[in-house]
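Everything below belongs to coords.pdb, which stores PDB, C-alpha atoms, pLDDT in the B column.
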```pdb
ATOM      1  CA  MET D 661      54.946 -20.365  -2.131  1.00 46.00           C
ATOM      2  CA  GLU D 662      54.702 -16.729  -3.094  1.00 46.00           C
ATOM      3  CA  GLY D 663      52.428 -17.636  -6.027  1.00 48.00           C
ATOM      4  CA  GLU D 664      50.206 -19.685  -3.716  1.00 45.00           C
ATOM      5  CA  GLU D 665      49.757 -16.731  -1.370  1.00 44.00           C
ATOM      6  CA  LYS D 666      48.869 -14.526  -4.324  1.00 46.00           C
ATOM      7  CA  ASP D 667      46.197 -17.010  -5.531  1.00 46.00           C
ATOM      8  CA  PHE D 668      44.827 -17.273  -1.995  1.00 46.00           C
ATOM      9  CA  GLN D 669      44.544 -13.476  -1.674  1.00 45.00           C
ATOM     10  CA  GLU D 670      42.720 -13.055  -5.015  1.00 45.00           C
ATOM     11  CA  GLN D 671      39.928 -15.475  -4.078  1.00 46.00           C
ATOM     12  CA  PRO D 672      36.928 -13.697  -2.550  1.00 46.00           C
ATOM     13  CA  ASP D 673      35.902 -14.536   0.979  1.00 48.00           C
ATOM     14  CA  SER D 674      32.901 -16.848   0.930  1.00 49.00           C
ATOM     15  CA  VAL D 675      30.297 -17.339   3.599  1.00 49.00           C
ATOM     16  CA  ALA D 676      28.920 -20.831   4.012  1.00 51.00           C
ATOM     17  CA  GLU D 677      25.165 -21.131   3.523  1.00 52.00           C
ATOM     18  CA  VAL D 678      22.845 -22.953   5.852  1.00 54.00           C
ATOM     19  CA  GLY D 679      21.333 -26.207   4.633  1.00 56.00           C
ATOM     20  CA  GLU D 680      22.255 -28.567   1.828  1.00 56.00           C
ATOM     21  CA  ASP D 681      24.180 -25.936  -0.122  1.00 56.00           C
ATOM     22  CA  ALA D 682      26.566 -25.604   2.824  1.00 55.00           C
ATOM     23  CA  VAL D 683      27.416 -29.309   2.563  1.00 54.00           C
ATOM     24  CA  THR D 684      28.179 -29.090  -1.153  1.00 57.00           C
ATOM     25  CA  SER D 685      30.213 -25.907  -0.742  1.00 56.00           C
ATOM     26  CA  VAL D 686      32.276 -27.510   2.033  1.00 57.00           C
ATOM     27  CA  GLY D 687      32.855 -30.661  -0.040  1.00 58.00           C
ATOM     28  CA  ALA D 688      33.901 -28.673  -3.091  1.00 59.00           C
ATOM     29  CA  ALA D 689      36.567 -26.657  -1.266  1.00 62.00           C
ATOM     30  CA  PRO D 690      40.142 -27.979  -1.625  1.00 64.00           C
ATOM     31  CA  LEU D 691      41.629 -29.524   1.505  1.00 54.00           C
ATOM     32  CA  PRO D 692      44.143 -27.408   3.322  1.00 62.00           C
ATOM     33  CA  PRO D 693      47.614 -28.922   3.014  1.00 64.00           C
ATOM     34  CA  VAL D 694      48.178 -28.904   6.814  1.00 82.00           C
ATOM     35  CA  MET D 695      45.451 -31.530   7.502  1.00 85.00           C
ATOM     36  CA  THR D 696      46.661 -34.964   8.408  1.00 90.00           C
ATOM     37  CA  GLU D 697      45.052 -38.153   7.193  1.00 91.00           C
ATOM     38  CA  GLU D 698      43.811 -38.825  10.736  1.00 92.00           C
ATOM     39  CA  GLU D 699      42.095 -35.397  10.949  1.00 91.00           C
ATOM     40  CA  ARG D 700      40.583 -35.972   7.541  1.00 92.00           C
ATOM     41  CA  GLN D 701      39.226 -39.358   8.657  1.00 94.00           C
ATOM     42  CA  GLU D 702      37.677 -37.801  11.802  1.00 94.00           C
ATOM     43  CA  LEU D 703      35.982 -35.117   9.736  1.00 93.00           C
ATOM     44  CA  GLN D 704      34.624 -37.745   7.336  1.00 95.00           C
ATOM     45  CA  GLU D 705      33.184 -39.677  10.291  1.00 96.00           C
ATOM     46  CA  GLU D 706      31.689 -36.521  11.772  1.00 96.00           C
ATOM     47  CA  LEU D 707      30.186 -35.653   8.367  1.00 96.00           C
ATOM     48  CA  ALA D 708      28.583 -39.093   8.114  1.00 97.00           C
ATOM     49  CA  LYS D 709      27.266 -38.776  11.677  1.00 97.00           C
ATOM     50  CA  VAL D 710      25.713 -35.338  11.015  1.00 97.00           C
ATOM     51  CA  GLU D 711      24.143 -36.588   7.773  1.00 97.00           C
ATOM     52  CA  ASP D 712      22.621 -39.546   9.685  1.00 97.00           C
ATOM     53  CA  GLU D 713      21.263 -37.185  12.349  1.00 97.00           C
ATOM     54  CA  ILE D 714      19.717 -34.993   9.651  1.00 97.00           C
ATOM     55  CA  GLN D 715      18.116 -38.060   8.044  1.00 97.00           C
ATOM     56  CA  THR D 716      16.786 -39.221  11.428  1.00 97.00           C
ATOM     57  CA  LEU D 717      15.415 -35.773  12.268  1.00 97.00           C
ATOM     58  CA  SER D 718      13.707 -35.593   8.846  1.00 97.00           C
ATOM     59  CA  GLN D 719      12.046 -38.966   9.511  1.00 97.00           C
ATOM     60  CA  VAL D 720      10.978 -37.890  13.003  1.00 97.00           C
ATOM     61  CA  LEU D 721       9.568 -34.633  11.600  1.00 97.00           C
ATOM     62  CA  ALA D 722       7.609 -36.520   8.925  1.00 97.00           C
ATOM     63  CA  ALA D 723       6.204 -38.863  11.599  1.00 97.00           C
ATOM     64  CA  LYS D 724       5.215 -35.917  13.811  1.00 96.00           C
ATOM     65  CA  GLU D 725       3.523 -34.170  10.873  1.00 95.00           C
ATOM     66  CA  LYS D 726       1.568 -37.367  10.164  1.00 95.00           C
ATOM     67  CA  GLN D 727       0.601 -37.613  13.841  1.00 96.00           C
ATOM     68  CA  LEU D 728      -0.498 -33.958  13.786  1.00 93.00           C
ATOM     69  CA  ALA D 729      -2.654 -34.544  10.696  1.00 91.00           C
ATOM     70  CA  ASP D 730      -4.296 -37.589  12.353  1.00 93.00           C
ATOM     71  CA  ILE D 731      -5.077 -35.651  15.540  1.00 93.00           C
ATOM     72  CA  LYS D 732      -6.557 -32.758  13.531  1.00 90.00           C
ATOM     73  CA  ARG D 733      -8.651 -35.190  11.497  1.00 89.00           C
ATOM     74  CA  LYS D 734      -9.985 -36.818  14.697  1.00 92.00           C
ATOM     75  CA  LEU D 735     -10.826 -33.388  16.110  1.00 90.00           C
ATOM     76  CA  GLY D 736     -12.608 -32.428  12.897  1.00 89.00           C
ATOM     77  CA  ILE D 737     -10.186 -29.632  12.126  1.00 86.00           C
ATOM     78  CA  THR D 738     -10.133 -29.231   8.371  1.00 89.00           C
ATOM     79  CA  PRO D 739      -7.832 -27.019   6.329  1.00 87.00           C
ATOM     80  CA  LEU D 740     -10.822 -24.755   5.678  1.00 89.00           C
ATOM     81  CA  ASN D 741     -11.481 -24.426   9.430  1.00 87.00           C
ATOM     82  CA  GLU D 742      -7.816 -23.618   9.990  1.00 88.00           C
ATOM     83  CA  LEU D 743      -7.954 -20.993   7.267  1.00 91.00           C
ATOM     84  CA  LYS D 744     -11.068 -19.457   8.840  1.00 90.00           C
ATOM     85  CA  GLN D 745      -9.377 -19.400  12.246  1.00 89.00           C
ATOM     86  CA  ASN D 746      -6.244 -17.831  10.774  1.00 92.00           C
ATOM     87  CA  ILE D 747      -8.278 -15.179   8.998  1.00 94.00           C
ATOM     88  CA  THR D 748     -10.274 -14.444  12.153  1.00 94.00           C
ATOM     89  CA  LYS D 749      -7.117 -14.231  14.225  1.00 93.00           C
ATOM     90  CA  THR D 750      -5.408 -12.003  11.668  1.00 93.00           C
ATOM     91  CA  TRP D 751      -8.474  -9.737  11.429  1.00 91.00           C
ATOM     92  CA  GLN D 752      -8.577  -9.475  15.210  1.00 92.00           C
ATOM     93  CA  GLU D 753      -4.888  -8.548  15.263  1.00 91.00           C
ATOM     94  CA  VAL D 754      -5.454  -5.950  12.558  1.00 89.00           C
ATOM     95  CA  THR D 755      -8.479  -4.382  14.258  1.00 89.00           C
ATOM     96  CA  THR D 756      -6.650  -4.118  17.569  1.00 90.00           C
ATOM     97  CA  SER D 757      -3.570  -2.562  16.005  1.00 90.00           C
ATOM     98  CA  THR D 758      -2.791   1.072  16.701  1.00 91.00           C
ATOM     99  CA  ALA D 759      -2.633   1.942  13.004  1.00 89.00           C
ATOM    100  CA  TYR D 760      -6.115   0.488  12.382  1.00 88.00           C
ATOM    101  CA  ARG D 761      -7.614   2.313  15.362  1.00 89.00           C
ATOM    102  CA  ARG D 762      -6.080   5.622  14.288  1.00 91.00           C
ATOM    103  CA  THR D 763      -7.250   5.149  10.713  1.00 91.00           C
ATOM    104  CA  SER D 764     -10.726   4.167  11.874  1.00 89.00           C
ATOM    105  CA  GLU D 765     -10.967   7.208  14.148  1.00 90.00           C
ATOM    106  CA  THR D 766      -9.754   9.498  11.362  1.00 92.00           C
ATOM    107  CA  LEU D 767     -12.280   8.075   8.896  1.00 91.00           C
ATOM    108  CA  SER D 768     -15.050   8.382  11.486  1.00 91.00           C
ATOM    109  CA  GLN D 769     -14.207  12.040  12.074  1.00 91.00           C
ATOM    110  CA  ALA D 770     -14.015  12.655   8.325  1.00 91.00           C
ATOM    111  CA  SER D 771     -17.414  11.004   7.906  1.00 91.00           C
ATOM    112  CA  LEU D 772     -18.963  13.216  10.581  1.00 90.00           C
ATOM    113  CA  LYS D 773     -17.464  16.327   8.993  1.00 89.00           C
ATOM    114  CA  ALA D 774     -18.651  15.274   5.523  1.00 91.00           C
ATOM    115  CA  THR D 775     -22.155  14.602   6.844  1.00 90.00           C
ATOM    116  CA  ALA D 776     -22.254  18.014   8.488  1.00 88.00           C
ATOM    117  CA  ALA D 777     -20.949  19.672   5.322  1.00 88.00           C
ATOM    118  CA  PHE D 778     -23.583  17.971   3.152  1.00 88.00           C
ATOM    119  CA  SER D 779     -26.297  18.891   5.622  1.00 88.00           C
ATOM    120  CA  ASN D 780     -25.170  22.518   5.644  1.00 88.00           C
ATOM    121  CA  MET D 781     -24.955  22.511   1.857  1.00 88.00           C
ATOM    122  CA  GLY D 782     -28.492  21.075   1.580  1.00 88.00           C
ATOM    123  CA  SER D 783     -29.815  23.714   3.958  1.00 88.00           C
ATOM    124  CA  ALA D 784     -28.067  26.461   2.003  1.00 88.00           C
ATOM    125  CA  ILE D 785     -29.491  25.193  -1.292  1.00 91.00           C
ATOM    126  CA  SER D 786     -33.006  24.975   0.183  1.00 89.00           C
ATOM    127  CA  LYS D 787     -32.689  28.511   1.560  1.00 88.00           C
ATOM    128  CA  LYS D 788     -31.435  29.763  -1.806  1.00 85.00           C
ATOM    129  CA  PHE D 789     -34.394  28.161  -3.617  1.00 84.00           C
ATOM    130  CA  GLU D 790     -36.755  29.751  -1.097  1.00 85.00           C
ATOM    131  CA  ASP D 791     -35.064  33.129  -1.640  1.00 84.00           C
ATOM    132  CA  VAL D 792     -35.418  32.769  -5.414  1.00 82.00           C
ATOM    133  CA  ARG D 793     -39.053  31.759  -5.087  1.00 81.00           C
ATOM    134  CA  ASN D 794     -39.781  34.797  -2.907  1.00 84.00           C
ATOM    135  CA  ALA D 795     -37.896  37.172  -5.211  1.00 83.00           C
ATOM    136  CA  PRO D 796     -40.040  39.786  -7.035  1.00 84.00           C
ATOM    137  CA  THR D 797     -38.792  38.612 -10.439  1.00 83.00           C
ATOM    138  CA  PHE D 798     -39.877  35.051  -9.771  1.00 79.00           C
ATOM    139  CA  LYS D 799     -43.236  36.211  -8.399  1.00 79.00           C
ATOM    140  CA  SER D 800     -43.789  38.268 -11.548  1.00 84.00           C
ATOM    141  CA  LEU D 801     -42.857  35.312 -13.762  1.00 83.00           C
ATOM    142  CA  GLU D 802     -45.120  33.023 -11.748  1.00 82.00           C
ATOM    143  CA  GLU D 803     -48.053  35.426 -12.162  1.00 85.00           C
ATOM    144  CA  LYS D 804     -47.473  35.704 -15.922  1.00 83.00           C
ATOM    145  CA  VAL D 805     -47.393  31.925 -16.290  1.00 86.00           C
ATOM    146  CA  GLU D 806     -50.590  31.645 -14.243  1.00 86.00           C
ATOM    147  CA  THR D 807     -52.294  34.286 -16.402  1.00 86.00           C
ATOM    148  CA  LEU D 808     -51.181  32.541 -19.579  1.00 84.00           C
ATOM    149  CA  LYS D 809     -52.447  29.239 -18.227  1.00 82.00           C
ATOM    150  CA  THR D 810     -55.900  30.662 -17.486  1.00 84.00           C
ATOM    151  CA  LYS D 811     -56.106  32.229 -20.938  1.00 82.00           C
ATOM    152  CA  ILE D 812     -55.198  28.946 -22.677  1.00 86.00           C
ATOM    153  CA  THR D 813     -57.420  26.694 -20.582  1.00 79.00           C
ATOM    154  CA  PRO D 814     -61.117  27.269 -21.418  1.00 68.00           C
ATOM    155  CA  THR D 815     -63.596  27.255 -18.576  1.00 65.00           C
ATOM    156  CA  THR D 816     -66.224  25.247 -20.520  1.00 61.00           C
ATOM    157  CA  PRO D 817     -65.422  23.148 -23.540  1.00 57.00           C
ATOM    158  CA  PRO D 818     -67.029  24.467 -26.749  1.00 56.00           C
ATOM    159  CA  SER D 819     -69.288  22.069 -28.559  1.00 56.00           C
ATOM    160  CA  ASN D 820     -69.790  21.373 -32.244  1.00 54.00           C
ATOM    161  CA  LEU D 821     -73.051  22.031 -33.940  1.00 54.00           C
ATOM    162  CA  ASP D 822     -74.045  18.397 -33.624  1.00 56.00           C
ATOM    163  CA  GLY D 823     -73.284  18.407 -29.840  1.00 55.00           C
ATOM    164  CA  ASP D 824     -70.068  16.407 -29.933  1.00 56.00           C
ATOM    165  CA  VAL D 825     -67.048  17.465 -27.952  1.00 55.00           C
ATOM    166  CA  PRO D 826     -64.365  18.776 -30.324  1.00 55.00           C
ATOM    167  CA  GLU D 827     -61.478  16.501 -31.061  1.00 56.00           C
ATOM    168  CA  THR D 828     -58.218  17.346 -29.407  1.00 56.00           C
ATOM    169  CA  THR D 829     -54.801  16.719 -30.852  1.00 53.00           C
ATOM    170  CA  GLU D 830     -54.350  13.870 -28.403  1.00 56.00           C
ATOM    171  CA  SER D 831     -57.599  12.157 -29.426  1.00 57.00           C
ATOM    172  CA  LEU D 832     -56.594  12.418 -33.084  1.00 53.00           C
ATOM    173  CA  ILE D 833     -53.196  10.875 -32.369  1.00 55.00           C
ATOM    174  CA  ASN D 834     -54.658   7.999 -30.384  1.00 57.00           C
ATOM    175  CA  GLN D 835     -57.439   7.290 -32.889  1.00 57.00           C
ATOM    176  CA  PRO D 836     -56.995   4.069 -34.918  1.00 57.00           C
ATOM    177  CA  GLU D 837     -56.269   4.575 -38.615  1.00 55.00           C
ATOM    178  CA  ASP D 838     -59.238   2.469 -39.733  1.00 55.00           C
ATOM    179  CA  ALA D 839     -61.745   4.357 -37.589  1.00 52.00           C
ATOM    180  CA  PRO D 840     -63.845   6.975 -39.388  1.00 55.00           C
ATOM    181  CA  THR D 841     -63.295  10.573 -38.450  1.00 54.00           C
ATOM    182  CA  GLN D 842     -65.925  13.271 -38.294  1.00 54.00           C
ATOM    183  CA  ASP D 843     -64.651  14.724 -41.555  1.00 53.00           C
ATOM    184  CA  ALA D 844     -64.834  11.462 -43.499  1.00 52.00           C
ATOM    185  CA  PRO D 845     -68.274   9.874 -43.863  1.00 53.00           C
ATOM    186  CA  MET D 846     -68.629   6.126 -43.351  1.00 54.00           C
ATOM    187  CA  GLN D 847     -68.912   4.055 -46.514  1.00 50.00           C
TER
END
```
Would you write the structure of this file as structure tokens?
Amino acid sequence: MEGEEKDFQEQPDSVAEVGEDAVTSVGAAPLPPVMTEEERQELQEELAKVEDEIQTLSQVLAAKEKQLADIKRKLGITPLNELKQNITKTWQEVTTSTAYRRTSETLSQASLKATAAFSNMGSAISKKFEDVRNAPTFKSLEEKVETLKTKITPTTPPSNLDGDVPETTESLINQPEDAPTQDAPMQ
């Protein structure tokens, strides 16, 4: 008896699971020696009764699920419609949540601040360009470029001795290779 107590103490305490695994774990456990044959018979009958109830409930559930599917089909509710409704409902729950509202408000404020910052930055850049343009150094550079431009651009195009307008680099580039030039006589 002392050895039996020792074996009993070494076994870890187990917690029965819910569902089918609970049935197999109960069936696998050894019977306590204090149970009479009559108690054992009652438990066997109760086990059979509970198993029958589970079977009946499973059949009833399957029938109800079939009935539900038929009703939905008659109402025109498709799995896609259900999915759309679930998504809409979930989105509505999300948008009405406190976390979403706080995040939305924070992002809105950040957007307003960013817009103001960009506007201020654009104004500052425009003002800086205006300051540079009005600076004496820029004015001097602008005048020199204007003077250079007037010196390079002739007021009237010079003409050749035969009265033709002189060829420009651009007209030479765009001229077809086969076409005769003024330097090469036609053959």
Box in all listed atoms of segment 798-804 of chain D, axis-aligned, with 6 Å more on each side; write out centre and edge lengths in Å to one decimal as lines of an AutoDock Vina configuration file.
```
center_x = -44.0
center_y = 35.6
center_z = -12.2
size_x = 20.2
size_y = 17.2
size_z = 19.5
```
Distance of atom CA of Ser764 of chain D from atom CA of Gly782 of chain D, expressed in Å to one decimal place: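 Here the two named atoms are 26.6 Å from each other.
Atom CA of Leu703 of chain D lies 20.7 Å from atom CA of Leu717 of chain D.
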One-decimal distance in Å that lies between atom CA of Lys788 of chain D and atom CA of Lys804 of chain D: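 Straight-line distance from atom CA of Lys804 of chain D to atom CA of Lys788 of chain D works out to 22.2 Å.
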